[in-house]
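Just input.txt here, compact mmCIF, C-alpha atoms and all ligand atoms:
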# COMPACT_ATOMS: atom_id res chain seq x y z
CA MET S 8 -9.39 -23.45 -6.77
CA ASN S 9 -11.51 -23.02 -9.87
CA LYS S 10 -10.17 -19.89 -11.46
CA ILE S 11 -6.92 -20.83 -13.21
CA THR S 12 -5.77 -19.03 -16.35
CA ARG S 13 -3.61 -21.04 -18.71
CA LEU S 14 -1.00 -18.93 -20.49
CA LYS S 15 1.52 -19.71 -23.22
CA LEU S 16 4.67 -17.63 -22.79
CA PRO S 17 6.91 -16.77 -25.75
CA PRO S 18 10.33 -18.52 -25.80
CA SER S 19 12.20 -15.21 -25.59
CA GLY S 20 11.62 -11.77 -24.07
CA ARG S 21 10.87 -10.54 -20.58
CA ILE S 22 8.20 -11.50 -18.06
CA ILE S 23 7.94 -8.77 -15.43
CA VAL S 24 6.27 -9.82 -12.17
CA ILE S 25 5.10 -7.31 -9.57
CA SER S 26 3.01 -8.11 -6.49
CA ASP S 27 1.56 -6.32 -3.47
CA ILE S 28 1.23 -2.83 -4.91
CA HIS S 29 -1.28 -2.05 -2.13
CA GLY S 30 -2.59 1.22 -3.54
CA GLU S 31 0.83 2.72 -4.29
CA LEU S 32 0.11 4.03 -7.77
CA ASN S 33 3.06 6.40 -7.67
CA LEU S 34 5.65 3.70 -6.93
CA PHE S 35 4.03 1.33 -9.42
CA THR S 36 4.15 3.72 -12.38
CA LYS S 37 7.72 4.74 -11.49
CA LEU S 38 8.74 1.09 -11.30
CA LEU S 39 7.30 0.39 -14.77
CA LYS S 40 9.34 3.32 -16.09
CA LYS S 41 12.42 2.11 -14.27
CA VAL S 42 12.22 -1.32 -15.94
CA ASN S 43 11.34 0.35 -19.25
CA PHE S 44 8.14 -1.67 -19.56
CA ASN S 45 7.04 -1.85 -23.18
CA SER S 46 4.59 -3.72 -25.41
CA GLU S 47 7.06 -6.57 -26.06
CA ASP S 48 7.10 -7.49 -22.36
CA TYR S 49 4.68 -9.66 -20.46
CA LEU S 50 3.53 -8.11 -17.20
CA ILE S 51 2.06 -10.19 -14.39
CA ILE S 52 0.52 -8.47 -11.39
CA ASN S 53 0.50 -11.13 -8.70
CA GLY S 54 -2.26 -9.96 -6.36
CA ASP S 55 -2.96 -7.34 -3.68
CA LEU S 56 -3.45 -4.31 -5.88
CA CYS S 57 -5.69 -2.81 -3.18
CA GLU S 58 -5.78 -1.74 0.47
CA LYS S 59 -3.25 -0.33 2.95
CA GLY S 60 -1.92 2.41 0.63
CA GLU S 61 -3.87 5.51 -0.28
CA ASN S 62 -4.72 5.13 -3.96
CA SER S 63 -6.19 1.65 -4.45
CA LYS S 64 -8.82 2.84 -6.92
CA GLY S 65 -6.09 4.50 -9.01
CA VAL S 66 -4.06 1.27 -9.09
CA VAL S 67 -7.08 -0.80 -10.12
CA ARG S 68 -8.06 1.65 -12.86
CA HIS S 69 -4.51 1.93 -14.16
CA ILE S 70 -4.06 -1.84 -14.34
CA MET S 71 -7.49 -2.30 -15.95
CA GLU S 72 -6.38 0.18 -18.61
CA LEU S 73 -3.07 -1.64 -19.09
CA CYS S 74 -5.01 -4.89 -19.56
CA GLY S 75 -7.31 -3.16 -22.03
CA CYS S 76 -4.60 -1.80 -24.30
CA ASN S 77 -1.96 -4.48 -23.93
CA HIS S 78 -2.74 -8.15 -24.44
CA ASN S 79 0.31 -9.25 -22.47
CA VAL S 80 -0.83 -7.99 -19.05
CA TYR S 81 -2.24 -10.56 -16.62
CA VAL S 82 -3.46 -10.24 -13.04
CA THR S 83 -4.10 -12.71 -10.20
CA GLU S 84 -6.25 -12.04 -7.16
CA GLY S 85 -4.77 -11.36 -3.71
CA ASN S 86 -6.56 -11.63 -0.39
CA CYS S 87 -6.94 -7.83 -0.28
CA ASP S 88 -8.59 -7.79 -3.71
CA THR S 89 -11.48 -10.00 -2.61
CA LEU S 90 -13.05 -7.22 -0.54
CA VAL S 91 -15.56 -6.67 -3.37
CA GLU S 92 -16.84 -10.20 -2.68
CA ASP S 93 -17.71 -9.20 0.86
CA LEU S 94 -19.47 -6.16 -0.56
CA VAL S 95 -21.47 -8.02 -3.18
CA GLY S 96 -22.12 -10.91 -0.76
CA GLU S 97 -23.30 -8.36 1.86
CA ASN S 98 -20.94 -9.62 4.55
CA PRO S 99 -22.11 -7.84 7.73
CA LYS S 100 -18.53 -7.76 9.07
CA LEU S 101 -17.45 -5.52 6.21
CA MET S 102 -18.61 -2.29 7.88
CA ASN S 103 -16.51 -3.11 10.96
CA TYR S 104 -13.50 -3.72 8.76
CA LEU S 105 -14.00 -0.35 7.07
CA SER S 106 -14.32 1.54 10.33
CA SER S 107 -10.95 0.13 11.47
CA ARG S 108 -9.10 1.12 8.27
CA LYS S 109 -7.57 4.43 7.34
CA HIS S 110 -7.50 3.53 3.65
CA SER S 111 -9.69 1.17 1.66
CA ILE S 112 -10.73 1.00 -1.96
CA LEU S 113 -14.38 0.91 -0.84
CA LYS S 114 -13.92 4.18 1.08
CA GLU S 115 -12.18 5.76 -1.91
CA TRP S 116 -15.02 4.77 -4.22
CA ALA S 117 -17.66 5.97 -1.75
CA ASP S 118 -15.84 9.32 -1.48
CA GLU S 119 -15.69 9.60 -5.24
CA ALA S 120 -19.42 8.91 -5.46
CA GLY S 121 -20.07 11.62 -2.88
CA PHE S 122 -21.43 9.07 -0.39
CA GLU S 123 -20.53 9.44 3.27
CA ILE S 124 -20.09 6.17 5.19
CA LYS S 125 -21.62 6.73 8.62
CA GLU S 126 -21.69 4.60 11.75
CA ASP S 127 -25.12 3.23 10.85
CA THR S 128 -24.52 2.74 7.11
CA SER S 129 -25.47 -0.82 6.21
CA VAL S 130 -23.50 -3.06 3.87
CA GLN S 131 -26.60 -3.20 1.62
CA GLU S 132 -26.64 0.58 1.31
CA LEU S 133 -22.94 0.72 0.45
CA LYS S 134 -23.41 -2.08 -2.07
CA ARG S 135 -26.23 -0.16 -3.77
CA VAL S 136 -24.08 2.95 -4.11
CA LEU S 137 -20.88 1.25 -5.28
CA THR S 138 -22.37 -1.26 -7.70
CA ARG S 139 -23.94 1.73 -9.43
CA HIS S 140 -20.80 3.88 -9.25
CA VAL S 141 -18.08 1.39 -10.27
CA PRO S 142 -19.78 -1.68 -11.81
CA ALA S 143 -16.90 -2.38 -14.24
CA GLU S 144 -14.22 -2.27 -11.52
CA ILE S 145 -16.20 -4.56 -9.21
CA ARG S 146 -16.87 -7.07 -12.01
CA TRP S 147 -13.20 -7.01 -13.06
CA LEU S 148 -11.97 -7.67 -9.52
CA LEU S 149 -14.51 -10.46 -8.99
CA ASP S 150 -13.36 -12.18 -12.19
CA LEU S 151 -9.61 -12.22 -11.44
CA PRO S 152 -8.09 -15.71 -11.60
CA THR S 153 -6.55 -17.26 -8.48
CA ALA S 154 -3.58 -18.63 -10.43
CA ILE S 155 -1.92 -18.28 -13.81
CA GLU S 156 -0.22 -21.41 -15.11
CA THR S 157 2.42 -21.54 -17.84
CA ASP S 158 4.61 -24.43 -18.97
CA ASP S 159 7.32 -23.54 -16.46
CA TYR S 160 5.69 -21.27 -13.87
CA ILE S 161 2.67 -20.90 -11.63
CA PHE S 162 1.80 -17.39 -10.47
CA VAL S 163 -0.34 -17.32 -7.34
CA HIS S 164 -0.61 -14.68 -4.61
CA ALA S 165 0.31 -16.62 -1.46
CA GLY S 166 1.09 -20.27 -2.25
CA LEU S 167 -0.01 -23.80 -3.08
CA GLU S 168 -0.91 -26.67 -0.82
CA ASP S 169 1.41 -29.67 -0.91
CA LYS S 170 -1.01 -31.83 -2.90
CA GLU S 171 -0.31 -34.20 -5.75
CA ASN S 172 -2.63 -32.11 -7.87
CA TRP S 173 -1.86 -28.48 -7.01
CA ARG S 174 -5.10 -27.37 -8.67
CA GLU S 175 -6.93 -28.86 -5.67
CA THR S 176 -5.38 -26.16 -3.45
CA ASP S 177 -8.13 -24.46 -1.50
CA ARG S 178 -8.69 -21.02 -2.98
CA LEU S 179 -8.54 -19.24 0.38
CA ALA S 180 -5.26 -21.00 1.18
CA ALA S 181 -3.86 -19.96 -2.19
CA ILE S 182 -4.38 -16.28 -1.41
CA THR S 183 -3.78 -16.20 2.36
CA MET S 184 -1.29 -18.88 3.46
CA PRO S 185 1.65 -17.44 5.41
CA ALA S 186 5.34 -18.09 4.80
CA PHE S 187 5.06 -20.31 1.68
CA LEU S 188 8.85 -20.39 1.32
CA GLU S 189 9.00 -22.51 4.49
CA LYS S 190 6.57 -25.00 2.96
CA SER S 191 6.71 -27.16 -0.16
CA HIS S 192 4.66 -28.09 -3.18
CA CYS S 193 4.76 -30.80 -5.81
CA SER S 194 3.73 -28.93 -8.95
CA GLY S 195 7.16 -29.43 -10.56
CA LYS S 196 7.11 -25.81 -11.76
CA TYR S 197 8.49 -22.60 -10.29
CA VAL S 198 5.77 -21.09 -8.10
CA ILE S 199 6.02 -17.30 -7.88
CA VAL S 200 4.32 -15.66 -4.91
CA GLY S 201 3.92 -12.34 -3.12
CA HIS S 202 1.87 -11.86 0.08
CA TRP S 203 4.56 -12.66 2.68
CA PRO S 204 7.19 -9.91 2.95
CA VAL S 205 10.50 -11.58 2.17
CA VAL S 206 12.23 -9.67 4.96
CA ASN S 207 10.37 -12.01 7.35
CA TYR S 208 12.61 -14.81 6.06
CA SER S 209 15.86 -12.89 6.71
CA LYS S 210 18.32 -14.36 9.16
CA ASN S 211 21.59 -12.40 9.32
CA VAL S 212 21.10 -9.16 7.40
CA PRO S 213 17.50 -8.22 6.62
CA SER S 214 16.77 -7.92 2.91
CA ASN S 215 13.67 -6.92 0.94
CA ASN S 216 14.94 -8.40 -2.32
CA PRO S 217 13.17 -11.33 -4.02
CA ILE S 218 14.31 -14.80 -2.94
CA VAL S 219 14.73 -17.61 -5.45
CA GLY S 220 14.40 -20.93 -3.64
CA GLU S 221 15.87 -23.22 -6.27
CA ASP S 222 15.48 -26.46 -4.29
CA LYS S 223 11.83 -25.86 -3.50
CA LYS S 224 11.10 -24.12 -6.79
CA ILE S 225 9.54 -21.19 -4.96
CA ILE S 226 10.20 -17.55 -5.82
CA SER S 227 9.05 -15.07 -3.18
CA ILE S 228 8.94 -11.43 -4.26
CA ASP S 229 7.01 -9.24 -1.77
CA GLY S 230 9.34 -6.35 -0.83
CA GLY S 231 7.07 -5.24 2.03
CA ASN S 232 5.90 -2.13 0.18
CA VAL S 233 3.60 -0.04 2.47
CA ILE S 234 3.67 -2.70 5.20
CA LYS S 235 7.29 -2.37 6.35
CA SER S 236 9.02 0.92 7.13
CA SER S 237 12.03 -0.14 5.07
CA GLY S 238 9.86 -1.79 2.42
CA GLN S 239 10.14 -1.51 -1.35
CA LEU S 240 8.16 -2.41 -4.47
CA ASN S 241 10.01 -5.16 -6.32
CA ALA S 242 9.93 -6.07 -10.00
CA PHE S 243 11.06 -9.64 -10.57
CA ILE S 244 12.09 -10.20 -14.18
CA ILE S 245 12.23 -13.52 -16.00
CA HIS S 246 14.44 -13.34 -19.08
CA ARG S 247 13.24 -16.10 -21.38
CA ALA S 248 15.90 -17.85 -23.45
CA ALA S 249 16.29 -21.12 -25.35
CA SER S 250 19.34 -21.90 -23.18
CA GLY S 251 17.24 -21.53 -20.02
CA ASP S 252 15.53 -18.63 -18.29
CA THR S 253 17.53 -16.26 -16.10
CA PHE S 254 16.22 -13.95 -13.39
CA SER S 255 16.94 -10.42 -12.26
CA HIS S 256 15.18 -7.88 -10.11
CA THR S 257 14.98 -4.22 -9.31
CA HIS S 258 12.98 -2.13 -6.88
CA ILE S 259 11.77 1.32 -6.02
CA ASP S 260 11.02 2.98 -2.67
CA TYR S 261 10.56 6.36 -0.99
CA HIS S 262 13.81 6.62 0.94
CA GLY S 263 16.24 9.50 0.47
CA THR S 264 19.76 8.77 -0.66
CA CYS S 265 23.20 9.86 0.42
CA GLU S 266 26.80 9.14 -0.36
CA VAL S 267 29.28 7.28 1.84
CA LYS S 268 32.32 9.37 2.77
CA LYS S 269 34.26 6.78 4.79
CA ASP S 270 34.61 2.99 4.60
CA PHE S 271 32.90 1.09 7.40
CA LYS S 272 33.37 -2.59 8.29
CA PRO S 273 30.93 -3.87 10.90
CA GLY S 274 31.80 -6.07 13.82
CA HIS S 275 29.62 -8.99 14.79
CA MET S 276 26.19 -7.39 14.86
CA LEU S 277 23.75 -9.47 12.82
CA GLY S 278 20.10 -10.43 12.94
CA ASN S 279 16.61 -9.21 12.42
CA ILE S 280 13.38 -8.64 14.28
CA SER S 281 10.29 -9.38 12.24
CA TYR S 282 6.71 -10.48 12.63
CA PRO S 283 5.72 -12.08 14.98
CA ASN S 284 8.89 -12.25 17.11
CA TYR S 285 8.82 -8.88 18.85
CA GLU S 286 9.25 -9.78 22.55
CA LEU S 287 12.72 -9.16 24.01
CA VAL S 288 14.63 -9.58 27.25
CA PRO S 289 17.35 -6.92 27.71
CA LEU S 290 20.66 -8.42 28.82
CA GLN S 291 23.17 -5.58 28.65
CA HIS S 292 22.73 -1.90 27.95
CA PHE S 293 25.20 0.08 25.79
CA GLU S 294 25.26 3.69 24.64
CA HIS S 295 23.48 3.10 21.31
CA PHE S 296 22.29 -0.52 21.37
CA THR S 297 20.96 -2.96 23.96
CA LEU S 298 21.94 -6.61 23.78
CA CYS S 299 18.66 -8.52 24.05
CA LYS S 300 17.42 -12.08 23.93
CA GLN S 301 14.59 -12.56 21.44
CA VAL S 302 12.04 -14.57 23.41
CA GLU S 303 10.56 -16.68 20.60
CA THR S 304 13.87 -17.60 18.96
CA ASN S 305 16.32 -17.41 21.90
CA GLU S 306 18.66 -15.43 19.67
CA GLN S 307 20.82 -12.61 20.99
CA LEU S 308 20.42 -9.36 19.11
CA TYR S 309 21.70 -5.80 19.43
CA VAL S 310 18.55 -3.66 19.40
CA LYS S 311 18.85 0.08 18.71
CA ASN S 312 17.85 1.77 21.97
CA GLU S 313 15.21 4.00 20.36
CA TYR S 314 13.34 0.92 19.10
CA LEU S 315 13.18 -0.85 22.47
CA HIS S 316 9.84 -0.34 24.16
CA ARG S 317 8.93 -1.14 27.75
CA SER S 318 5.27 -2.07 28.34
CA ALA S 319 3.32 -1.12 31.44
CA ASP S 320 3.63 -4.73 32.67
CA GLY S 321 7.43 -4.50 32.54
CA THR S 322 7.97 -6.63 29.43
CA PHE S 323 10.14 -5.36 26.58
CA TRP S 324 9.23 -5.27 22.88
CA ALA S 325 10.66 -4.07 19.62
CA LYS S 326 8.40 -1.26 18.42
CA THR S 327 8.39 -2.57 14.88
CA ASP S 328 10.24 -4.79 12.42
CA LEU S 329 13.88 -3.89 12.71
CA SER S 330 17.34 -4.72 11.46
CA CYS S 331 19.79 -5.56 14.22
CA ALA S 332 22.67 -5.87 11.77
CA GLN S 333 25.45 -3.49 10.92
CA ILE S 334 26.46 -3.50 7.27
CA SER S 335 29.64 -2.59 5.44
CA VAL S 336 29.82 0.45 3.17
CA LYS S 337 32.59 1.84 0.98
CA THR S 338 33.54 5.42 0.19
CA GLY S 339 31.59 6.75 -2.79
CA GLU S 340 28.71 4.28 -2.60
CA VAL S 341 25.22 5.73 -2.77
CA ILE S 342 22.85 4.22 -0.24
CA SER S 343 19.31 5.00 0.89
CA VAL S 344 18.51 6.17 4.41
CA VAL S 345 15.64 4.52 6.25
CA ASP S 346 16.03 6.29 9.63
CA ASP S 347 18.45 9.11 10.50
CA THR S 348 16.74 10.17 13.74
CA CYS S 349 18.60 7.94 16.22
CA THR S 350 21.78 8.64 18.18
CA GLY S 351 25.15 7.61 16.79
CA PHE S 352 23.95 5.38 13.94
CA ASP S 353 21.74 5.65 10.85
CA LEU S 354 19.60 2.82 9.49
CA ILE S 355 20.36 2.44 5.79
CA LYS S 356 19.57 0.21 2.84
CA LYS S 357 22.16 -0.91 0.35
CA ASN S 358 21.10 -3.09 -2.60
CA GLY S 359 17.93 -3.94 -0.71
CA GLU S 360 19.78 -5.00 2.47
CA GLU S 361 19.10 -3.11 5.67
CA GLY S 362 21.43 -2.28 8.55
CA TRP S 363 23.14 0.29 10.76
CA VAL S 364 26.22 2.39 10.05
CA PRO S 365 27.83 5.12 12.19
CA LYS S 366 26.51 8.58 11.33
CA GLU S 367 30.02 9.90 10.69
CA VAL S 368 30.59 7.68 7.63
CA LEU S 369 27.74 9.31 5.67
CA LEU S 370 27.53 12.65 3.90
CA PRO S 371 24.37 14.70 4.60
CA ILE S 372 21.21 13.19 3.15
CA LYS S 373 20.16 14.49 -0.24
CA GLU S 374 16.65 15.61 -0.99
CA HIS S 375 14.16 12.77 -0.54
CA HIS S 376 13.26 11.28 -3.86
CA LEU S 377 12.48 7.93 -5.39
CA THR S 378 15.45 5.61 -5.45
CA SER S 379 16.06 2.26 -6.94
CA VAL S 380 18.85 -0.23 -7.22
CA GLY S 381 19.12 -2.89 -9.88
CA LEU S 382 20.66 -6.23 -9.07
CA LYS S 383 21.41 -9.45 -10.88
CA ILE S 384 20.65 -12.54 -8.87
MN MN G 1 -1.67 -10.57 0.55
Would you give me this structure, written as structure tokens?
Amino acid sequence: MNKITRLKLPPSGRIIVISDIHGELNLFTKLLKKVNFNSEDYLIINGDLCEKGENSKGVVRHIMELCGCNHNVYVTEGNCDTLVEDLVGENPKLMNYLSSRKHSILKEWADEAGFEIKEDTSVQELKRVLTRHVPAEIRWLLDLPTAIETDDYIFVHAGLEDKENWRETDRLAAITMPAFLEKSHCSGKYVIVGHWPVVNYSKNVPSNNPIVGEDKKIISIDGGNVIKSSGQLNAFIIHRAASGDTFSHTHIDYHGTCEVKKDFKPGHMLGNISYPNYELVPLQHFEHFTLCKQVETNEQLYVKNEYLHRSADGTFWAKTDLSCAQISVKTGEVISVVDDTCTGFDLIKKNGEEGWVPKEVLLPIKEHHLTSVGLKI
């Protein structure tokens, strides 16, 4: 990769890292408020500002403004932010991509410019319109660095290749490689990445909270915002100190909250269904859950009946990513509710962890509003 920004961090203060905003301007601004972001902080946006959510252009503009008025805001490129390259490079596949997407920053910009993208619109035509309408935004996105390097940390969207000189990592790999936490690197520094929702790494109880892999020196922070139904936008915070940096995190999401009215201790139900392990073989059917074997992993999981889907060819699949765990709750705790539409049990999140509890242990759900839970690692 060629585009590496070198950055000197102060020995004290906070470095706030947020990745994978994916057009969620509302959550992003609320998260900055939640962490009380101020001019003393450093803010690093670790890629994927755009796509999937519905206000990508708002996110890009807001972050450009933050960069303009605050010298301590830095941004890396994510794979979703390189769409402008396909536009400027007149990639003929771009129009197909756009026709398959509900939301895209290029569609938002075209709308704003009063230009209708039709079936026969060419990439050259769209380029002409957008380079005239938003030249500064396109330039800014094209110029984003692939990595930011400090004395102790490397910020990169997806990961590094395991090369003696990490700077030789292929740029495309740096912004697209899957599951970096399962790989390794030899940079000697903490590598902080987004891109791969951390819930995909969950084993027993699914969690969307950042993972600090101390042995590998990898910190993975993508809370699955927009992409996962139980997802959240995480802020990972580095507290700089002479005695050694410490880490904390907090998050924000759209789920409603409610209070626990009765203690609940789960039995033995653990596990998680996540990309790409969706195929299941039902073994035993119960009133609320079906004991299944997960084909790819051979693990036995209790799958909530409403999430078990039978295909026309007779095979069974989980409809989506799903917790198969039950979690413990205590009277008086406030938790967020991910799904209260199933029989017998509600899917909840507590401190970023996701699982099922019997409906009767919860008070009625409060009005849906933004919730967040702060946690020390
Ligand atoms: Mn990504």
Residues within 8 Å of ligand MN 1 (chain G), counting only C-alpha atoms and all ligand atoms, as a compact mmCIF listing (two decimals) with C-alpha atoms, in the frame of the given file:
# COMPACT_ATOMS: atom_id res chain seq x y z
CA ASP S 27 1.56 -6.32 -3.47
CA GLY S 54 -2.26 -9.96 -6.36
CA ASP S 55 -2.96 -7.34 -3.68
CA GLY S 85 -4.77 -11.36 -3.71
CA ASN S 86 -6.56 -11.63 -0.39
CA CYS S 87 -6.94 -7.83 -0.28
CA HIS S 164 -0.61 -14.68 -4.61
CA ALA S 165 0.31 -16.62 -1.46
CA ILE S 182 -4.38 -16.28 -1.41
CA THR S 183 -3.78 -16.20 2.36
CA GLY S 201 3.92 -12.34 -3.12
CA HIS S 202 1.87 -11.86 0.08
CA TRP S 203 4.56 -12.66 2.68
Set the distance at 12 Å and use only C-alpha atoms: which residues neighbour Asp353 of chain S once local chain neighbours fewer than 2 positions away are removed? I'd like the list as a PDB file with C-alpha atoms, in the coordinates of the input.
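Result file around-v5.pdb:
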ATOM      1  CA  CYS S 265      23.200   9.860   0.420  1.00  0.00           C
ATOM      2  CA  VAL S 267      29.280   7.280   1.840  1.00  0.00           C
ATOM      3  CA  HIS S 295      23.480   3.100  21.310  1.00  0.00           C
ATOM      4  CA  LYS S 311      18.850   0.080  18.710  1.00  0.00           C
ATOM      5  CA  GLU S 313      15.210   4.000  20.360  1.00  0.00           C
ATOM      6  CA  SER S 330      17.340  -4.720  11.460  1.00  0.00           C
ATOM      7  CA  CYS S 331      19.790  -5.560  14.220  1.00  0.00           C
ATOM      8  CA  ALA S 332      22.670  -5.870  11.770  1.00  0.00           C
ATOM      9  CA  GLN S 333      25.450  -3.490  10.920  1.00  0.00           C
ATOM     10  CA  ILE S 334      26.460  -3.500   7.270  1.00  0.00           C
ATOM     11  CA  ILE S 342      22.850   4.220  -0.240  1.00  0.00           C
ATOM     12  CA  SER S 343      19.310   5.000   0.890  1.00  0.00           C
ATOM     13  CA  VAL S 344      18.510   6.170   4.410  1.00  0.00           C
ATOM     14  CA  VAL S 345      15.640   4.520   6.250  1.00  0.00           C
ATOM     15  CA  ASP S 346      16.030   6.290   9.630  1.00  0.00           C
ATOM     16  CA  ASP S 347      18.450   9.110  10.500  1.00  0.00           C
ATOM     17  CA  THR S 348      16.740  10.170  13.740  1.00  0.00           C
ATOM     18  CA  CYS S 349      18.600   7.940  16.220  1.00  0.00           C
ATOM     19  CA  THR S 350      21.780   8.640  18.180  1.00  0.00           C
ATOM     20  CA  GLY S 351      25.150   7.610  16.790  1.00  0.00           C
ATOM     21  CA  ILE S 355      20.360   2.440   5.790  1.00  0.00           C
ATOM     22  CA  LYS S 356      19.570   0.210   2.840  1.00  0.00           C
ATOM     23  CA  GLU S 361      19.100  -3.110   5.670  1.00  0.00           C
ATOM     24  CA  GLY S 362      21.430  -2.280   8.550  1.00  0.00           C
ATOM     25  CA  TRP S 363      23.140   0.290  10.760  1.00  0.00           C
ATOM     26  CA  VAL S 364      26.220   2.390  10.050  1.00  0.00           C
ATOM     27  CA  PRO S 365      27.830   5.120  12.190  1.00  0.00           C
ATOM     28  CA  LYS S 366      26.510   8.580  11.330  1.00  0.00           C
ATOM     29  CA  GLU S 367      30.020   9.900  10.690  1.00  0.00           C
ATOM     30  CA  VAL S 368      30.590   7.680   7.630  1.00  0.00           C
ATOM     31  CA  LEU S 369      27.740   9.310   5.670  1.00  0.00           C
ATOM     32  CA  LEU S 370      27.530  12.650   3.900  1.00  0.00           C
ATOM     33  CA  PRO S 371      24.370  14.700   4.600  1.00  0.00           C
ATOM     34  CA  ILE S 372      21.210  13.190   3.150  1.00  0.00           C
TER      35      ILE S 372
END
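Residues in contact with segment 72-76 of chain S at up to 10 Å, not including ones fewer than 5 positions away on its chain and judged by only C-alpha atoms, are Ser46, Leu50, Val66, Val67, Tyr81 and Val82 of chain S.
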What are the closest atom pairs, with distances in Å to one decimal, for each residue of segment 275-328 of chain S lying within 12 Å of segment 215-234 of chain S, using all atoms listed in the file, rows by chain and rising residue number, as JSON lines?
{"residue": "S:Ser281", "atom": "CA", "partner": "S:Gly231", "partner_atom": "CA", "distance": 11.5}
{"residue": "S:Tyr282", "atom": "CA", "partner": "S:Ile234", "partner_atom": "CA", "distance": 11.2}
{"residue": "S:Thr327", "atom": "CA", "partner": "S:Ile234", "partner_atom": "CA", "distance": 10.8}
{"residue": "S:Asp328", "atom": "CA", "partner": "S:Ile234", "partner_atom": "CA", "distance": 10.0}
Using the selection just defined, write its residues with C-alpha atoms as a PDB file, keeping the file's coordinate frame.
ATOM      1  CA  SER S 281      10.290  -9.380  12.240  1.00  0.00           C
ATOM      2  CA  TYR S 282       6.710 -10.480  12.630  1.00  0.00           C
ATOM      3  CA  THR S 327       8.390  -2.570  14.880  1.00  0.00           C
ATOM      4  CA  ASP S 328      10.240  -4.790  12.420  1.00  0.00           C
TER       5      ASP S 328
END
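Of the residues under consideration (S:Ser111, S:Asn43, S:Thr264, S:Gln131), S:Gln131 shows the shortest atom-to-atom contact distance to Asn98 of chain S when counting all atoms listed in the file.
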**OP:** Using only C-alpha atoms, pick whichever of S:Leu39, S:Ile161, S:Leu151, S:Leu113 has the shortest atom-to-atom distance to Arg13 of chain S.
**Re:**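 That would be S:Ile161, the residue with the smallest distance to Arg13 of chain S.
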Subject >> d(atom CA of Trp173 of chain S, atom CA of Lys196 of chain S) in Å >> reply: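 Taking atom CA of Trp173 of chain S as the start and atom CA of Lys196 of chain S as the end point, the length is 10.5 Å.
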